[in-house]
Each structure stands twice: as structure tokens, then as C-alpha cells.
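Visitor: Handing you this structure, nothing more for now.
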Amino acid sequence: MKKYIVTLSLLAAGLVLAMPAHSQSKEKLIYTHTFAPGEGLVNRTEKEFRKEICLNGSWEFQPQALPGSYTPGKGVAPELTGPDATSWSKTPIKIPSPWNINAFANRGLEGPDHRNYPSYPKEWEEVRMAWMRRSVTVPADWSDKQIKLYFEAVSGYAEVYVNDQKVAENFDIFLPFEADITELVQPGETFEVRVGVRDQALFEDRSTIGRRIIPAGSMWGYMIRGIWQDVYLLALPKIHVEDVFVKPLVSKNLLELEVTIQNNTARKEEVQLQGVIHEWLNLAGTDVNSAPVPAWELGKKTLDVTAARLTVEAGANGTVTLQIPVNEGVLRYWTPDHPNLYSLLLSLHKKKRDSR
């Protein structure tokens with residue numbers, strides 16, 4: 001019997017930027033610590049079963065001019081035509097970053113985290129749609145895996161291609177999205193990922209004053225353009241935990257878990273799901289430089305998750321709901337003064353063949 005593990009830390013993820021104090025002097029400021037440190041999507045309890053490659057770094061960039069026939073404010077965005085093979089910029093774009101990041105200070109928002117990339121050409125500040133691309137090599141040991149492209153956030157209408165085949169569209173600012181590319185790539189081989197983005201403002205219909213075309217929540221939503229959060233290539237077992245919805249039903253002394261299992265094999269599979277809950281201990285420092293650095297360990301076990309069986313059809317998802325009674329005092333409340341956190345580790349077993 002084989003085992004898969006997925007972990008879920010019961011905390012809200014956030015981005016912490018550690019920057020030196022703003023100085024009015026002309027001396028060059030050098031920050032010697034890691035800027036915006038992160039652990040990635042796959043934490044150390046999952047690394048035996050899930051793999052990742054961070055695709056951040058230098059991508060090629062090609063601005064696209066707005067056609068002369070485009071009329072702003074009519075609710076119809078211009079089409080994003082394919083990139084020209086000879087028109088890629090000599091300046092690479094540094095993903096993640098909005099291509100117009102240097103334009104923010106021109107709007108009265110000057111600060112130490114705005115003019116980050118002086119290498120970007122001035123004309124990028126006015127670009128409304130563009131293409132970005134890079135080559136990616138799939139590790140040779142990723143055979144028999146489900147392979148996904150995962151974007152933490154792209155601002156605007158994004159279209160994602162793998163080797164000229166469209167694999168995803170997304171229109172948002174802040175939320176992640178992914179694309180299953182298992183059938184389009186091969187372990188040990190290199191493929192091209194290309195992302196086209198159109199500024200959300202190109203879709204505005206000014207006859208509907210006061211209505212936003214996509215969810216808001218921050219002033220940055222109408223400013224940033226492009227891939228502004230991390231990008232990953234992920235390898236998952238063909239049968240894996242796809243999603244966990246944790247419901248702390250405090251008034252009922254009950255912890256409810258709604259778990260979605262994905263079966264990407266060609267046959268129906270019977271699986272067993274069980275787990276355990278530990279204290280999650282934050283070991284990060286408290287000063288501005290060490291507080292953002294991921295440092296944690298699992299504390300004592302607090303609860304067991306009783307095993308449940310589930311049959312998942314081939315190429316489909318299955319959902320199971322687990323209810324765990326919680327006696328008084330077993331799980332401590334989270335408060336600002338006592339931010340108690342817990343980690344849920346789920347183990348997925350299946351009989352016979354293993355599709356890890």
C-alpha cells in the first residue's frame with residue numbers, strides 16, 4: 001500500500017516585503033537580506049510526493065501596439081494578435097513584476113518599492129498589452145506525473161500557451177489560476193510557455209459608470225499590468241488531494257473537512273484518506289529582516305483524522321466530508337494576542353498500483 005501526503009497549514013498566507021528605510025541622501029542603499037523570502041508552493045512535508053520548479057526570473061517581452069481602430073470605453077477590447085518573431089525586446093522582463101512598474105511614481109506614489117527596475121525602457125510604462133515567454137525543461141524524473149503551470153496572480157486578461165497551443169485564459173488581478181499541461185510536455189524535454197496580457201481597462205464600458213469589470217480590493221488593481229506574482233511548474237501524483245475546505249464549527253465542537261480527490265488515471269480507484277493534526281509553531285524572528293523568513297516546525301499531535309474510504313472514477317474528482325469531534329480545550333482559539341495555528345496532514349492510500 002502506497003501513501004501520498006498533503007499538508008495544509010491553517011493560516012492566511014501573506015506577502016511581507018522587508019525594505020530599508022527610505023533615505024533622502026544620494027548614497028546607494030544596499031539591502032543585504034533576502035527580499036520577500038518565501039517557501040514556495042510545496043513545503044517540506046510534501047516534497048517526497050510533489051515537485052516544483054519556480055519559473056521566476058528573466059522572460060522575453062514584446063509590447064503590442066493598440067490598433068488605430070480601437071475605441072476606448074466601448075466595452076470591446078482590441079484583439080491580442082500573436083507575437084512577431086523578430087520583435088522581442090532586447091531588455092528582458094523580470095518575472096514577477098508588472099511591466100509598467102516604473103510608472104507608479106508618476107502618479108504621486110513614489111516609494112522605495114515602486115521604482116524597482118531602472119533597466120525597463122521608458123516606453124513600457126504606457127504599454128497596454130504585451131507578450132511574455134520563456135523556455136522550460138521538464139525534469140527527466142517527472143514521468144507518470146500530472147504536470148501543471150501555476151500562476152499566483154496576473155493582472156489583466158491573460159492567455160497562456162504551451163508550444164503555441166492555448167491552455168488557459170484568466171481575467172483577474174489577485175487570484176491564482178493553473179493549467180494542466182500533462183499531455184503537451186514530456187519529461188526530459190524543453191517547451192515554450194507564452195503569456196499574453198491585456199490591461200483590464202481596455203475592456204471598460206464607460207456607459208456603465210460605477211461598475212467594475214473584475215473584483216477590486218486594492219488601488220493597485222487599476223495600475224499594475226502583467227505577471228506580478230510567482231509562477232511555478234508543478235508535478236503531482238496522478239491520484240492526489242486536489243483541495244481541502246476546512247470548516248471549524250466551533251458552536252458544535254466539530255471540525256469538518258471537505259476533501260476533493262483527483263484521479264487522473266485511466267481506471268477507477270478505491271482510496272483511503274486519513275490524517276493527523278499537529279500544532280504549527282512559528283519560529284521566525286520578530287525584527288523586520290527575520291520576521292518574513294519562513295521558519296517553522298510541527299509541535300505535538302492534537303487530533304487524529306479517522307480513516308475514510310472513497311471510490312473515484314477514472315479521470316474525475318471525488319469529494320468526501322470528514323467530521324472530527326473536538327473536545328473542549330483540545331484546539332486553542334486564535335486571537336491577536338495568542339495566534340495559535342495548526343497543521344493538517346492528510347495521507348492518501350490506494351491499493352495495488354502506485355501512480356505517484
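Lettering and numbering for the C-alpha cells are positional, with chains as A, B, ... in the shown order, residues counted from 1 in each chain, and ligands counted from 1 in the shown order.
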Please list as a list in words every residue within 6 Å of A:Gly299, counting only C-alpha atoms and excluding residues in the same chain fewer than 5 positions away.
Guide: His278, Glu279 and Trp280 of chain A
Visitor: What would the file look like if the residues just selected were written as a compact mmCIF listing (two decimals), in the first residue's frame with all heavy atoms?
Guide:
```
# COMPACT_ATOMS: atom_id res chain seq x y z
N HIS A 278 -1.41 18.59 13.94
CA HIS A 278 -0.35 18.97 14.86
C HIS A 278 -0.43 20.46 15.16
O HIS A 278 -0.97 21.24 14.37
CB HIS A 278 1.03 18.69 14.26
CG HIS A 278 1.40 17.25 14.21
ND1 HIS A 278 2.18 16.65 15.18
CD2 HIS A 278 1.12 16.28 13.31
CE1 HIS A 278 2.37 15.38 14.86
NE2 HIS A 278 1.73 15.12 13.72
N GLU A 279 0.17 20.86 16.26
CA GLU A 279 0.43 22.28 16.46
C GLU A 279 1.40 22.75 15.37
O GLU A 279 2.29 22.02 14.97
CB GLU A 279 1.06 22.52 17.83
CG GLU A 279 0.15 22.25 19.01
CD GLU A 279 0.85 22.50 20.33
OE1 GLU A 279 2.10 22.45 20.36
OE2 GLU A 279 0.17 22.74 21.34
N TRP A 280 1.17 23.98 14.90
CA TRP A 280 2.08 24.59 13.93
C TRP A 280 2.80 25.73 14.65
O TRP A 280 2.16 26.69 15.09
CB TRP A 280 1.32 25.12 12.72
CG TRP A 280 2.19 25.56 11.58
CD1 TRP A 280 2.62 24.80 10.53
CD2 TRP A 280 2.73 26.88 11.36
NE1 TRP A 280 3.39 25.55 9.68
CE2 TRP A 280 3.49 26.83 10.17
CE3 TRP A 280 2.66 28.08 12.08
CZ2 TRP A 280 4.14 27.95 9.66
CZ3 TRP A 280 3.33 29.19 11.57
CH2 TRP A 280 4.06 29.12 10.37
```
Visitor: Which residues, written as a CSV table (one decimal) with N, CA and C atoms, in the first residue's frame, have at least one atom at most 10 Å from stretch 179-192 of chain A, with only C-alpha atoms counted and residues fewer than 6 positions away on the same chain left out?
Guide:
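What landed in out_3.csv:
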```csv
chain,number,residue,atom,x,y,z
A,133,ARG,N,7.5,35.4,-22.7
A,133,ARG,CA,7.7,34.0,-22.9
A,133,ARG,C,9.0,33.6,-22.3
A,134,ARG,N,9.2,32.2,-22.1
A,134,ARG,CA,10.4,31.6,-21.7
A,134,ARG,C,10.4,30.1,-22.0
A,135,SER,N,11.5,29.5,-22.0
A,135,SER,CA,11.7,28.1,-22.2
A,135,SER,C,11.8,27.4,-20.9
A,136,VAL,N,11.2,26.2,-20.8
A,136,VAL,CA,11.2,25.4,-19.6
A,136,VAL,C,11.6,23.9,-19.9
A,137,THR,N,12.5,23.4,-19.2
A,137,THR,CA,12.8,21.9,-19.3
A,137,THR,C,12.1,21.1,-18.2
A,138,VAL,N,11.4,20.1,-18.6
A,138,VAL,CA,10.7,19.2,-17.6
A,138,VAL,C,11.8,18.2,-17.1
A,139,PRO,N,11.9,18.1,-15.8
A,139,PRO,CA,12.9,17.1,-15.3
A,139,PRO,C,12.6,15.7,-15.8
A,140,ALA,N,13.7,15.0,-16.1
A,140,ALA,CA,13.5,13.6,-16.6
A,140,ALA,C,12.8,12.7,-15.7
A,141,ASP,N,12.9,12.9,-14.4
A,141,ASP,CA,12.2,12.0,-13.4
A,141,ASP,C,10.8,12.4,-13.1
A,142,TRP,N,10.2,13.2,-13.9
A,142,TRP,CA,8.8,13.6,-13.7
A,142,TRP,C,7.8,12.7,-14.6
A,143,SER,N,8.3,11.5,-14.9
A,143,SER,CA,7.4,10.6,-15.7
A,143,SER,C,6.2,10.1,-14.8
A,144,ASP,N,5.1,9.8,-15.4
A,144,ASP,CA,3.9,9.4,-14.7
A,144,ASP,C,3.4,10.4,-13.7
A,145,LYS,N,3.6,11.7,-13.9
A,145,LYS,CA,3.1,12.7,-13.1
A,145,LYS,C,2.1,13.6,-13.8
A,146,GLN,N,1.2,14.2,-13.0
A,146,GLN,CA,0.4,15.3,-13.6
A,146,GLN,C,1.2,16.6,-13.5
A,147,ILE,N,1.3,17.3,-14.6
A,147,ILE,CA,2.1,18.5,-14.7
A,147,ILE,C,1.3,19.7,-14.9
A,148,LYS,N,1.4,20.7,-14.1
A,148,LYS,CA,0.6,21.9,-14.2
A,148,LYS,C,1.5,23.2,-14.2
A,149,LEU,N,1.0,24.2,-14.9
A,149,LEU,CA,1.5,25.5,-14.8
A,149,LEU,C,0.7,26.2,-13.8
A,150,TYR,N,1.3,26.9,-12.8
A,150,TYR,CA,0.6,27.6,-11.8
A,150,TYR,C,1.0,29.0,-11.7
A,151,PHE,N,0.0,30.0,-11.8
A,151,PHE,CA,0.3,31.4,-11.7
A,151,PHE,C,-0.3,31.9,-10.4
A,160,VAL,N,-2.6,31.9,-21.9
A,160,VAL,CA,-1.4,31.1,-21.7
A,160,VAL,C,-1.3,30.0,-22.8
A,161,TYR,N,-0.1,30.0,-23.4
A,161,TYR,CA,0.1,29.0,-24.5
A,161,TYR,C,1.3,28.1,-24.1
A,162,VAL,N,1.2,26.9,-24.5
A,162,VAL,CA,2.4,25.9,-24.4
A,162,VAL,C,2.6,25.4,-25.8
A,163,ASN,N,3.8,25.8,-26.3
A,163,ASN,CA,4.2,25.4,-27.7
A,163,ASN,C,3.1,25.7,-28.7
A,164,ASP,N,2.6,27.0,-28.6
A,164,ASP,CA,1.6,27.5,-29.5
A,164,ASP,C,0.2,27.0,-29.3
A,165,GLN,N,0.0,26.2,-28.3
A,165,GLN,CA,-1.4,25.7,-28.0
A,165,GLN,C,-1.9,26.3,-26.8
A,166,LYS,N,-3.1,27.0,-26.9
A,166,LYS,CA,-3.7,27.7,-25.7
A,166,LYS,C,-4.1,26.6,-24.7
A,167,VAL,N,-3.7,26.9,-23.4
A,167,VAL,CA,-4.0,26.0,-22.3
A,167,VAL,C,-4.8,26.7,-21.2
A,168,ALA,N,-4.9,28.0,-21.2
A,168,ALA,CA,-5.7,28.7,-20.1
A,168,ALA,C,-6.0,30.1,-20.5
A,169,GLU,N,-7.1,30.6,-20.0
A,169,GLU,CA,-7.4,32.0,-20.0
A,169,GLU,C,-7.8,32.4,-18.6
A,233,LEU,N,6.1,25.5,-12.1
A,233,LEU,CA,5.8,24.3,-12.8
A,233,LEU,C,5.7,23.2,-11.7
A,234,LEU,N,4.5,22.5,-11.7
A,234,LEU,CA,4.3,21.6,-10.6
A,234,LEU,C,4.1,20.2,-11.2
A,235,ALA,N,4.6,19.2,-10.4
A,235,ALA,CA,4.4,17.8,-10.7
A,235,ALA,C,3.7,17.1,-9.5
```
Visitor: Take atom CA of A:Gly38 and atom CA of A:Ala153 and report the distance between them in Å, one decimal.
Guide: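 Here the two named atoms are 15.4 Å from each other.
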Visitor: Select, from A:His349, A:His33, A:Arg206, A:Lys94, the residue with the minimum atom-to-atom distance to A:Ala291, counting only C-alpha atoms.
Guide: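 The answer is A:His33, which sits nearest to A:Ala291.
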Visitor: Applying 8 Å and only C-alpha atoms, which residues near A:Ser97 remain after dropping the ones on its own chain fewer than 4 positions away? List them as a PDB file with N, CA and C atoms, in the first residue's frame.
Guide:
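Contents of part_2.pdb, freshly written:
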```
ATOM      1  N   ILE A  93      12.206  41.030 -19.199  1.00  0.00           N
ATOM      2  CA  ILE A  93      11.374  41.423 -18.077  1.00  0.00           C
ATOM      3  C   ILE A  93      11.653  40.477 -16.924  1.00  0.00           C
ATOM      4  N   ILE A 101       5.893  48.933 -13.924  1.00  0.00           N
ATOM      5  CA  ILE A 101       6.159  49.218 -12.511  1.00  0.00           C
ATOM      6  C   ILE A 101       6.784  50.591 -12.306  1.00  0.00           C
ATOM      7  N   GLY A 226       0.348  42.816 -16.006  1.00  0.00           N
ATOM      8  CA  GLY A 226       1.256  41.720 -16.274  1.00  0.00           C
ATOM      9  C   GLY A 226       1.350  40.699 -15.155  1.00  0.00           C
ATOM     10  N   ILE A 227       2.393  39.866 -15.240  1.00  0.00           N
ATOM     11  CA  ILE A 227       2.615  38.781 -14.278  1.00  0.00           C
ATOM     12  C   ILE A 227       3.329  39.367 -13.069  1.00  0.00           C
ATOM     13  N   TRP A 228       2.587  39.593 -12.006  1.00  0.00           N
ATOM     14  CA  TRP A 228       3.174  40.307 -10.868  1.00  0.00           C
ATOM     15  C   TRP A 228       3.339  39.429  -9.631  1.00  0.00           C
ATOM     16  N   GLN A 229       3.024  38.133  -9.749  1.00  0.00           N
ATOM     17  CA  GLN A 229       3.271  37.180  -8.665  1.00  0.00           C
ATOM     18  C   GLN A 229       3.980  35.953  -9.239  1.00  0.00           C
TER      19      GLN A 229
END
```
